[in-house]
file start23.txt (compact mmCIF, C-alpha atoms)
# COMPACT_ATOMS: atom_id res chain seq x y z
CA MET Z 324 -33.46 9.19 4.98
CA LYS Z 325 -31.89 12.01 2.95
CA ALA Z 326 -28.42 11.18 1.58
CA GLY Z 327 -25.68 13.38 0.14
CA MET Z 328 -22.70 12.17 -1.89
CA ILE Z 329 -19.24 13.74 -1.72
CA GLY Z 330 -16.84 12.67 -4.47
CA LEU Z 331 -17.95 11.92 -8.02
CA GLY Z 332 -14.98 10.08 -9.48
CA ALA Z 333 -15.20 6.82 -11.40
CA MET Z 334 -16.62 5.02 -8.35
CA GLY Z 335 -18.63 7.82 -6.76
CA ILE Z 336 -20.68 8.63 -9.82
CA GLY Z 337 -21.95 5.06 -10.10
CA MET Z 338 -22.73 4.96 -6.40
CA ALA Z 339 -24.62 8.26 -6.62
CA ARG Z 340 -26.74 7.03 -9.51
CA ASN Z 341 -27.79 3.91 -7.63
CA ILE Z 342 -28.61 5.84 -4.45
CA ALA Z 343 -30.70 8.25 -6.53
CA LYS Z 344 -32.47 5.34 -8.21
CA ALA Z 345 -33.43 4.04 -4.76
CA GLY Z 346 -34.88 7.47 -3.88
CA TYR Z 347 -32.42 8.52 -1.15
CA LEU Z 348 -30.09 11.00 -2.87
CA VAL Z 349 -30.90 14.68 -2.42
CA GLY Z 350 -27.54 16.34 -3.14
CA VAL Z 351 -23.98 15.95 -4.39
CA TYR Z 352 -20.66 17.73 -4.00
CA ASN Z 353 -17.49 17.44 -6.07
CA ARG Z 354 -14.36 19.58 -6.16
CA THR Z 355 -14.88 19.90 -9.91
CA ALA Z 356 -18.15 21.81 -9.70
CA ALA Z 357 -19.11 21.25 -13.33
CA LYS Z 358 -19.20 17.49 -12.80
CA ALA Z 359 -21.48 17.87 -9.77
CA GLN Z 360 -23.76 20.27 -11.62
CA SER Z 361 -24.09 17.97 -14.62
CA LEU Z 362 -24.94 14.93 -12.51
CA ALA Z 363 -27.31 16.92 -10.29
CA GLU Z 364 -29.28 18.07 -13.32
CA ASP Z 365 -29.40 14.50 -14.62
CA LEU Z 366 -30.61 13.08 -11.30
CA ASN Z 367 -32.78 16.06 -10.29
CA VAL Z 368 -30.87 16.69 -7.04
CA ILE Z 369 -28.96 19.68 -5.64
CA ALA Z 370 -25.33 20.40 -6.55
CA TYR Z 371 -23.86 21.92 -3.41
CA HIS Z 372 -20.99 24.39 -3.71
CA GLN Z 373 -19.34 23.35 -0.42
CA PRO Z 374 -19.31 20.08 1.54
CA GLU Z 375 -20.52 21.86 4.68
CA GLU Z 376 -23.64 22.99 2.81
CA LEU Z 377 -24.39 19.41 1.88
CA ALA Z 378 -23.77 18.15 5.42
CA ALA Z 379 -26.24 20.62 6.92
CA ASN Z 380 -29.08 19.31 4.76
CA VAL Z 381 -28.86 15.52 4.90
CA ASP Z 382 -29.19 12.64 7.36
CA ILE Z 383 -26.37 10.57 5.92
CA VAL Z 384 -23.17 11.86 4.28
CA LEU Z 385 -21.41 9.48 1.89
CA ILE Z 386 -17.77 10.14 1.02
CA CYS Z 387 -15.72 8.59 -1.79
CA VAL Z 388 -12.45 10.42 -2.43
CA SER Z 389 -8.92 9.39 -3.32
CA ALA Z 390 -6.58 9.85 -0.36
CA ASP Z 391 -6.26 10.14 3.41
CA GLN Z 392 -5.76 13.91 3.39
CA ASP Z 393 -8.87 14.32 1.21
CA VAL Z 394 -11.00 12.33 3.66
CA LEU Z 395 -9.78 14.37 6.62
CA ALA Z 396 -10.33 17.64 4.73
CA MET Z 397 -13.92 16.64 3.95
CA VAL Z 398 -14.57 15.54 7.54
CA GLU Z 399 -13.15 18.80 8.90
CA ALA Z 400 -15.45 20.74 6.56
CA ILE Z 401 -18.64 18.86 7.30
CA ALA Z 402 -17.94 18.91 11.05
CA LEU Z 403 -18.62 22.67 10.92
CA THR Z 404 -22.30 22.22 10.08
CA VAL Z 405 -23.31 18.58 10.47
CA LYS Z 406 -26.33 17.91 12.70
CA PRO Z 407 -26.11 15.62 15.75
CA GLY Z 408 -27.40 12.17 14.86
CA THR Z 409 -26.13 12.33 11.27
CA ILE Z 410 -24.23 9.31 9.97
CA VAL Z 411 -21.06 9.80 7.91
CA VAL Z 412 -19.99 6.84 5.77
CA ASP Z 413 -16.54 6.95 4.19
CA MET Z 414 -16.17 4.56 1.25
CA SER Z 415 -12.68 5.74 0.30
CA THR Z 416 -9.65 3.47 0.73
CA VAL Z 417 -7.44 5.02 3.42
CA SER Z 418 -5.53 3.90 6.50
CA SER Z 419 -7.18 2.60 9.67
CA ASN Z 420 -5.56 5.49 11.56
CA THR Z 421 -7.24 8.02 9.27
CA ALA Z 422 -10.60 6.36 9.92
CA LYS Z 423 -10.03 6.62 13.67
CA LEU Z 424 -9.08 10.30 13.40
CA ALA Z 425 -12.19 11.05 11.36
CA ALA Z 426 -14.38 9.17 13.83
CA ALA Z 427 -12.92 11.11 16.76
CA MET Z 428 -13.54 14.47 15.07
CA LEU Z 429 -17.17 13.61 14.38
CA ALA Z 430 -17.82 12.03 17.77
CA GLU Z 431 -17.38 15.52 19.26
CA LYS Z 432 -20.39 16.55 17.16
CA GLN Z 433 -22.48 13.51 18.23
CA VAL Z 434 -22.13 12.13 14.71
CA ALA Z 435 -21.48 8.45 13.92
CA PHE Z 436 -18.68 7.58 11.51
CA LEU Z 437 -18.43 4.33 9.54
CA ASP Z 438 -15.31 3.37 7.60
CA ALA Z 439 -16.86 1.39 4.77
CA PRO Z 440 -14.46 0.79 1.87
CA VAL Z 441 -15.76 -1.20 -1.07
CA SER Z 442 -14.56 -3.76 -3.57
CA GLY Z 443 -15.93 -4.48 -7.02
CA GLY Z 444 -14.43 -1.78 -9.20
CA VAL Z 445 -16.17 0.59 -11.55
CA GLU Z 446 -18.41 -2.22 -12.78
CA GLY Z 447 -19.61 -2.92 -9.25
CA ALA Z 448 -20.27 0.76 -8.57
CA LYS Z 449 -22.24 1.08 -11.80
CA ASN Z 450 -24.25 -2.10 -11.30
CA GLY Z 451 -24.86 -1.73 -7.55
CA THR Z 452 -22.99 -4.96 -6.76
CA LEU Z 453 -20.17 -3.72 -4.54
CA ALA Z 454 -18.91 -5.63 -1.52
CA MET Z 455 -18.65 -3.35 1.52
CA MET Z 456 -16.56 -3.97 4.65
CA VAL Z 457 -17.60 -1.77 7.56
CA GLY Z 458 -15.97 -0.62 10.78
CA GLY Z 459 -17.75 1.38 13.45
CA ASP Z 460 -20.93 1.29 15.51
CA GLU Z 461 -23.20 -1.54 14.39
CA SER Z 462 -26.40 0.32 15.26
CA ALA Z 463 -25.32 3.20 12.99
CA LEU Z 464 -24.70 0.68 10.23
CA GLU Z 465 -28.22 -0.72 10.62
CA LYS Z 466 -29.69 2.78 10.31
CA ALA Z 467 -27.61 3.42 7.18
CA ARG Z 468 -28.14 -0.04 5.69
CA PRO Z 469 -31.13 0.79 3.44
CA VAL Z 470 -29.08 3.49 1.69
CA LEU Z 471 -25.95 1.33 1.46
CA GLU Z 472 -27.90 -1.63 0.06
CA ALA Z 473 -28.77 0.50 -2.96
CA MET Z 474 -25.20 0.10 -4.21
CA THR Z 475 -24.00 -3.19 -2.74
CA ARG Z 476 -24.57 -6.93 -2.96
CA CYS Z 477 -22.79 -7.64 0.34
CA ILE Z 478 -22.35 -5.57 3.51
CA MET Z 479 -20.22 -7.05 6.30
CA HIS Z 480 -19.70 -5.46 9.71
CA MET Z 481 -16.04 -6.14 10.60
CA GLY Z 482 -15.81 -4.60 14.08
CA ALA Z 483 -14.65 -1.34 15.63
CA THR Z 484 -13.65 1.80 13.73
CA GLY Z 485 -10.69 1.07 11.43
CA SER Z 486 -11.53 -2.58 10.90
CA GLY Z 487 -13.26 -1.84 7.62
CA GLN Z 488 -10.09 -0.24 6.26
CA ALA Z 489 -7.96 -3.08 7.65
CA THR Z 490 -10.16 -5.57 5.79
CA LYS Z 491 -9.85 -3.51 2.61
CA ALA Z 492 -6.06 -3.72 3.01
CA VAL Z 493 -6.40 -7.51 2.95
CA ASN Z 494 -8.39 -7.18 -0.27
CA GLN Z 495 -5.81 -4.90 -1.89
CA ILE Z 496 -2.92 -7.22 -1.05
CA MET Z 497 -4.83 -10.19 -2.42
CA GLY Z 498 -5.66 -8.19 -5.54
CA ALA Z 499 -1.95 -7.51 -6.05
CA GLY Z 500 -1.22 -11.23 -5.84
CA ILE Z 501 -3.95 -12.08 -8.32
CA ASN Z 502 -2.68 -9.39 -10.69
CA GLN Z 503 0.84 -10.78 -10.48
CA ALA Z 504 -0.34 -14.35 -11.06
CA VAL Z 505 -2.74 -13.66 -13.93
CA THR Z 506 -0.47 -11.29 -15.86
CA GLU Z 507 2.54 -13.60 -15.54
CA ALA Z 508 0.56 -16.72 -16.44
CA LEU Z 509 -1.01 -15.12 -19.51
CA ALA Z 510 2.35 -13.77 -20.66
CA PHE Z 511 3.66 -17.33 -20.35
CA ALA Z 512 0.69 -18.61 -22.38
CA GLN Z 513 1.35 -16.07 -25.09
CA ALA Z 514 5.03 -17.07 -25.21
CA GLN Z 515 3.85 -20.65 -25.82
CA ASN Z 516 1.87 -19.43 -28.84
CA LEU Z 517 -1.40 -20.67 -27.36
CA PRO Z 518 -4.82 -19.36 -28.51
CA MET Z 519 -5.35 -16.76 -25.80
CA GLU Z 520 -9.15 -16.54 -25.81
CA LYS Z 521 -9.36 -20.31 -25.41
CA VAL Z 522 -6.77 -20.26 -22.61
CA ILE Z 523 -8.78 -17.61 -20.75
CA GLU Z 524 -12.07 -19.45 -21.24
CA VAL Z 525 -10.91 -22.88 -20.14
CA ILE Z 526 -8.90 -21.67 -17.12
CA SER Z 527 -11.74 -19.38 -16.03
CA GLY Z 528 -13.90 -22.50 -15.74
CA GLY Z 529 -11.46 -24.37 -13.51
CA ALA Z 530 -9.86 -24.15 -10.08
CA SER Z 531 -7.65 -21.20 -11.07
CA GLY Z 532 -10.53 -19.16 -12.45
CA ASN Z 533 -11.09 -15.71 -10.94
CA TRP Z 534 -12.86 -12.40 -11.57
CA PHE Z 535 -9.73 -10.63 -12.77
CA LEU Z 536 -8.95 -13.30 -15.36
CA GLN Z 537 -12.54 -13.30 -16.62
CA HIS Z 538 -12.90 -9.52 -16.83
CA ARG Z 539 -9.38 -8.36 -17.71
CA GLY Z 540 -7.71 -11.35 -19.39
CA SER Z 541 -9.01 -10.68 -22.88
CA THR Z 542 -8.33 -6.96 -22.84
CA MET Z 543 -4.81 -7.13 -21.40
CA THR Z 544 -3.69 -9.72 -23.95
CA ARG Z 545 -4.92 -7.37 -26.70
CA GLY Z 546 -3.02 -4.42 -25.22
CA ILE Z 547 -6.13 -2.64 -23.93
CA PHE Z 548 -5.80 -1.15 -20.43
CA ALA Z 549 -8.81 1.16 -20.01
CA PRO Z 550 -9.09 1.79 -16.26
CA GLY Z 551 -11.49 -0.16 -14.13
CA PHE Z 552 -9.10 0.45 -11.23
CA LYS Z 553 -6.24 2.83 -11.92
CA LEU Z 554 -2.75 1.48 -11.33
CA ALA Z 555 -1.68 4.64 -9.49
CA LEU Z 556 -4.57 4.26 -7.04
CA HIS Z 557 -3.69 0.64 -6.31
CA HIS Z 558 -0.11 1.79 -5.77
CA LYS Z 559 -1.40 4.33 -3.23
CA ASP Z 560 -3.41 1.63 -1.48
CA LEU Z 561 -0.45 -0.76 -1.36
CA LYS Z 562 1.72 1.92 0.24
CA ILE Z 563 -0.91 2.08 3.00
CA CYS Z 564 -0.80 -1.72 3.27
CA GLN Z 565 3.00 -1.63 3.37
CA ASN Z 566 2.97 0.79 6.29
CA MET Z 567 0.34 -1.21 8.18
CA ALA Z 568 2.24 -4.47 7.60
CA THR Z 569 5.52 -2.94 8.76
CA GLN Z 570 3.87 -1.70 11.95
CA SER Z 571 2.41 -5.13 12.72
CA GLY Z 572 5.42 -7.19 11.62
CA ALA Z 573 3.54 -8.93 8.79
CA SER Z 574 5.21 -10.03 5.56
CA THR Z 575 5.55 -7.41 2.83
CA THR Z 576 7.18 -9.52 0.09
CA LEU Z 577 4.28 -9.40 -2.36
CA ILE Z 578 3.43 -5.80 -1.48
CA ASP Z 579 7.01 -4.64 -2.03
CA MET Z 580 7.31 -6.44 -5.37
CA THR Z 581 4.05 -5.01 -6.71
CA ILE Z 582 4.84 -1.48 -5.54
CA ALA Z 583 8.19 -1.67 -7.35
CA ASP Z 584 6.52 -2.94 -10.53
CA TYR Z 585 3.87 -0.22 -10.39
CA GLU Z 586 6.47 2.49 -9.83
CA ARG Z 587 8.30 1.35 -12.94
CA LEU Z 588 5.06 1.54 -14.95
CA MET Z 589 4.14 4.92 -13.45
CA ALA Z 590 7.56 6.26 -14.40
CA GLU Z 591 6.80 5.19 -17.98
CA GLY Z 592 3.49 7.10 -17.92
CA TYR Z 593 1.05 4.24 -17.30
CA GLY Z 594 -0.28 5.27 -13.88
CA ASP Z 595 -3.74 6.14 -15.19
CA GLU Z 596 -4.16 2.77 -16.90
CA ASP Z 597 -5.89 -0.24 -15.35
CA ILE Z 598 -3.84 -2.39 -12.96
CA SER Z 599 -3.81 -5.05 -15.68
CA ALA Z 600 -1.15 -2.85 -17.33
CA LEU Z 601 1.23 -4.97 -15.24
CA TYR Z 602 1.00 -7.27 -18.26
CA ARG Z 603 3.25 -4.78 -20.06
CA LEU Z 604 6.15 -5.83 -17.81
CA LYS Z 605 5.41 -9.55 -17.92
CA SER Z 606 5.16 -9.72 -21.70
CA ASP Z 607 8.29 -7.66 -22.51
call {"tool": "encode", "arguments": {"input": "start23.txt", "output": "structure tokens"}}
result
Amino acid sequence: MKAGMIGLGAMGIGMARNIAKAGYLVGVYNRTAAKAQSLAEDLNVIAYHQPEELAANVDIVLICVSADQDVLAMVEAIALTVKPGTIVVDMSTVSSNTAKLAAAMLAEKQVAFLDAPVSGGVEGAKNGTLAMMVGGDESALEKARPVLEAMTRCIMHMGATGSGQATKAVNQIMGAGINQAVTEALAFAQAQNLPMEKVIEVISGGASGNWFLQHRGSTMTRGIFAPGFKLALHHKDLKICQNMATQSGASTTLIDMTIADYERLMAEGYGDEDISALYRLKSD
């Protein structure tokens, strides 16, 4: 199966490398052409100048871009040339409604669409250990599975189109809660003049231990906020969650609080930092 990758940001570039390592990647496309060309030369694949060129030459199109309008723009482009029977897998984080629109556009071309957002951050993309939640036709997922397994440790079919994105919304809300809890707790620990590395180590080994504490605790308490997941992107995701929750009547208390905190940090110029930059507010 020949695969093409659209979107070579912090996540996409790691995904592309793992797909190439598994022998499936034949081409890449990125709006910044120089980035695509550099990676293509490194991986010995083709750097396509337009997404429709890529779509015409592969069996599976993989998309990882930043926003709903970007996904729809890419789908509109590839729909011009994509072959019937191709599978399009969108790994971006967008709304369920966007996934359904994309699926409808491609269905007219006899092309299967899977909404397959991922969790695991830049580290997961680099190491091929992402968790993937998938909505769409299960038989299409099984055909695409060998390619997707090259960059994941867990693939879960969640149901019909849009259910992958709905599951990712659950993940993003939970991530906001963990961020709030860890940053506030560590700011409290620092105010108690505790040895921070020891606090992080002992709590990581107990019932309150979690990935975020283990991987971001030490850096945030030293004022280092290099992005694993940019704060502005999580803010974008939480706005999607907020809209979905409002439509369904679900609680938005945690979502609203985190959005407000992120907007304060973004106004101060910290939007491109890791979400652990929330520690800046907690430790003021």
call {"tool": "residues_near_point", "arguments": {"input": "start23.txt", "point": "(-23.6, -3.5, 4.2)", "cutoff": "9 Å", "atoms": "all atoms listed in the file", "output": "list in words"}}
result
Ala439, Ala454, Met455, Met456, Val457, Leu464, Glu465, Ala467, Arg468, Pro469, Leu471, Glu472, Thr475, Arg476, Cys477, Ile478, Met479 and His480 of chain Z
call {"tool": "atom_distance", "arguments": {"input": "start23.txt", "atom1": "atom CA of Thr576 of chain Z", "atom2": "atom CA of Gly447 of chain Z"}}
result
29.1 Å
call {"tool": "atom_distance", "arguments": {"input": "start23.txt", "atom1": "atom CA of Ala426 of chain Z", "atom2": "atom CA of Val384 of chain Z"}}
result
13.3 Å
call {"tool": "residues_around", "arguments": {"input": "start23.txt", "residues": "segment 332-334 of chain Z", "least_positions_apart": "4", "cutoff": "7 Å", "atoms": "all atoms listed in the file", "output": "short mmCIF file (atom, residue, chain, number, x, y, z; two decimals) with C-alpha atoms, in the coordinates of the input"}}
result
data_model
loop_
_atom_site.label_atom_id
_atom_site.label_comp_id
_atom_site.auth_asym_id
_atom_site.auth_seq_id
_atom_site.Cartn_x
_atom_site.Cartn_y
_atom_site.Cartn_z
CA MET Z 338 -22.73 4.96 -6.40
CA VAL Z 445 -16.17 0.59 -11.55
CA ALA Z 448 -20.27 0.76 -8.57
#
call {"tool": "atom_distance", "arguments": {"input": "start23.txt", "atom1": "atom CA of Asp584 of chain Z", "atom2": "atom CA of Glu520 of chain Z"}}
result
25.8 Å
call {"tool": "closest_residue", "arguments": {"input": "start23.txt", "among": "Z:Tyr602, Z:Tyr371, Z:Phe552, Z:Tyr352", "to": "Ala510 of chain Z", "atoms": "only C-alpha atoms"}}
result
Z:Tyr602
call {"tool": "residues_around", "arguments": {"input": "start23.txt", "residues": "Gly350 of chain Z", "least_positions_apart": "3", "cutoff": "7 Å", "atoms": "only C-alpha atoms", "output": "MDAnalysis selection string"}}
result
chainID Z and resid 327:328 368:371 377
call {"tool": "closest_residue", "arguments": {"input": "start23.txt", "among": "Z:Lys344, Z:Lys562, Z:Arg354, Z:Lys605", "to": "Val388 of chain Z", "atoms": "only C-alpha atoms"}}
result
Z:Arg354
call {"tool": "residues_around", "arguments": {"input": "start23.txt", "residues": "Leu385 of chain Z", "least_positions_apart": "3", "cutoff": "12 Å", "atoms": "only C-alpha atoms", "output": "NGL selection string"}}
result
:Z and (325-331 or 335-336 or 338-339 or 342 or 347-353 or 374 or 377-378 or 381-382 or 388 or 394 or 397-398 or 401 or 409-415 or 436-440 or 467 or 470-471 or 474)
call {"tool": "axis_aligned_box", "arguments": {"input": "start23.txt", "around": "segment 568-571 of chain Z", "padding_each_side": "4 Å", "output": "JSON"}}
result
{"center_x": 3.9, "center_y": -3.4, "center_z": 10.2, "size_x": 11.3, "size_y": 11.4, "size_z": 13.1}
call {"tool": "residues_around", "arguments": {"input": "start23.txt", "residues": "Gly551 of chain Z", "least_positions_apart": "2", "cutoff": "8 Å", "atoms": "all atoms listed in the file", "output": "PyMOL selection string"}}
result
chain Z and resi 444-446+549+553+597
call {"tool": "closest_residue", "arguments": {"input": "start23.txt", "among": "Z:Ala359, Z:Gly408, Z:Val493, Z:Thr544", "to": "Pro518 of chain Z", "atoms": "all atoms listed in the file"}}
result
Z:Thr544
call {"tool": "residues_around", "arguments": {"input": "start23.txt", "residues": "Glu399 of chain Z", "least_positions_apart": "6", "cutoff": "12 Å", "atoms": "all atoms listed in the file", "output": "ChimeraX atom specification"}}
result
/Z:374-375,378,392-393,405,424-429,431-432
call {"tool": "closest_residue", "arguments": {"input": "start23.txt", "among": "Z:Val522, Z:Ala499, Z:Ala357, Z:His538", "to": "Ala583 of chain Z", "atoms": "only C-alpha atoms"}}
result
Z:Ala499
call {"tool": "closest_residue", "arguments": {"input": "start23.txt", "among": "Z:Val525, Z:Val441, Z:Ala435, Z:Val505", "to": "Arg539 of chain Z", "atoms": "only C-alpha atoms"}}
result
Z:Val505
call {"tool": "residues_near_point", "arguments": {"input": "start23.txt", "point": "(-8.2, -17.4, -19.6)", "cutoff": "10 Å", "atoms": "all atoms listed in the file", "output": "short mmCIF file (atom, residue, chain, number, x, y, z; two decimals) with C-alpha atoms, keeping the file's coordinate frame"}}
result
data_model
loop_
_atom_site.label_atom_id
_atom_site.label_comp_id
_atom_site.auth_asym_id
_atom_site.auth_seq_id
_atom_site.Cartn_x
_atom_site.Cartn_y
_atom_site.Cartn_z
CA VAL Z 505 -2.74 -13.66 -13.93
CA ALA Z 508 0.56 -16.72 -16.44
CA LEU Z 509 -1.01 -15.12 -19.51
CA ALA Z 512 0.69 -18.61 -22.38
CA PRO Z 518 -4.82 -19.36 -28.51
CA MET Z 519 -5.35 -16.76 -25.80
CA GLU Z 520 -9.15 -16.54 -25.81
CA LYS Z 521 -9.36 -20.31 -25.41
CA VAL Z 522 -6.77 -20.26 -22.61
CA ILE Z 523 -8.78 -17.61 -20.75
CA GLU Z 524 -12.07 -19.45 -21.24
CA VAL Z 525 -10.91 -22.88 -20.14
CA ILE Z 526 -8.90 -21.67 -17.12
CA SER Z 527 -11.74 -19.38 -16.03
CA GLY Z 528 -13.90 -22.50 -15.74
CA GLY Z 529 -11.46 -24.37 -13.51
CA SER Z 531 -7.65 -21.20 -11.07
CA GLY Z 532 -10.53 -19.16 -12.45
CA ASN Z 533 -11.09 -15.71 -10.94
CA PHE Z 535 -9.73 -10.63 -12.77
CA LEU Z 536 -8.95 -13.30 -15.36
CA GLN Z 537 -12.54 -13.30 -16.62
CA HIS Z 538 -12.90 -9.52 -16.83
CA ARG Z 539 -9.38 -8.36 -17.71
CA GLY Z 540 -7.71 -11.35 -19.39
CA SER Z 541 -9.01 -10.68 -22.88
CA THR Z 544 -3.69 -9.72 -23.95
#
call {"tool": "closest_residue", "arguments": {"input": "start23.txt", "among": "Z:Asn450, Z:Gln433, Z:Asn420, Z:Asn516", "to": "Arg340 of chain Z", "atoms": "only C-alpha atoms"}}
result
Z:Asn450
call {"tool": "build_atoms", "arguments": {"input": "start23.txt", "residues": "segment 488-504 of chain Z", "atoms": "N, CA and C atoms", "output": "short mmCIF file (atom, residue, chain, number, x, y, z; two decimals), in the coordinates of the input"}}
result
data_model
loop_
_atom_site.label_atom_id
_atom_site.label_comp_id
_atom_site.auth_asym_id
_atom_site.auth_seq_id
_atom_site.Cartn_x
_atom_site.Cartn_y
_atom_site.Cartn_z
N GLN Z 488 -11.28 -0.57 7.06
CA GLN Z 488 -10.09 -0.24 6.26
C GLN Z 488 -9.04 -1.35 6.36
N ALA Z 489 -8.91 -1.98 7.52
CA ALA Z 489 -7.96 -3.08 7.65
C ALA Z 489 -8.37 -4.25 6.75
N THR Z 490 -9.67 -4.50 6.67
CA THR Z 490 -10.16 -5.57 5.79
C THR Z 490 -9.92 -5.21 4.33
N LYS Z 491 -10.10 -3.94 3.99
CA LYS Z 491 -9.85 -3.51 2.61
C LYS Z 491 -8.37 -3.68 2.27
N ALA Z 492 -7.48 -3.49 3.25
CA ALA Z 492 -6.06 -3.72 3.01
C ALA Z 492 -5.80 -5.17 2.63
N VAL Z 493 -6.50 -6.09 3.31
CA VAL Z 493 -6.40 -7.51 2.95
C VAL Z 493 -6.79 -7.71 1.49
N ASN Z 494 -7.90 -7.08 1.11
CA ASN Z 494 -8.39 -7.18 -0.27
C ASN Z 494 -7.37 -6.65 -1.27
N GLN Z 495 -6.75 -5.52 -0.95
CA GLN Z 495 -5.81 -4.90 -1.89
C GLN Z 495 -4.53 -5.73 -2.05
N ILE Z 496 -4.09 -6.34 -0.95
CA ILE Z 496 -2.92 -7.22 -1.05
C ILE Z 496 -3.25 -8.45 -1.89
N MET Z 497 -4.42 -9.02 -1.64
CA MET Z 497 -4.83 -10.19 -2.42
C MET Z 497 -4.98 -9.83 -3.89
N GLY Z 498 -5.53 -8.64 -4.16
CA GLY Z 498 -5.66 -8.19 -5.54
C GLY Z 498 -4.31 -8.06 -6.23
N ALA Z 499 -3.30 -7.61 -5.48
CA ALA Z 499 -1.95 -7.51 -6.05
C ALA Z 499 -1.43 -8.89 -6.42
N GLY Z 500 -1.67 -9.87 -5.55
CA GLY Z 500 -1.22 -11.23 -5.84
C GLY Z 500 -1.91 -11.82 -7.05
N ILE Z 501 -3.21 -11.58 -7.16
CA ILE Z 501 -3.95 -12.08 -8.32
C ILE Z 501 -3.46 -11.41 -9.59
N ASN Z 502 -3.21 -10.11 -9.53
CA ASN Z 502 -2.68 -9.39 -10.69
C ASN Z 502 -1.33 -9.97 -11.12
N GLN Z 503 -0.46 -10.19 -10.16
CA GLN Z 503 0.84 -10.78 -10.48
C GLN Z 503 0.69 -12.15 -11.13
N ALA Z 504 -0.18 -12.98 -10.56
CA ALA Z 504 -0.34 -14.35 -11.06
C ALA Z 504 -0.96 -14.38 -12.45
#
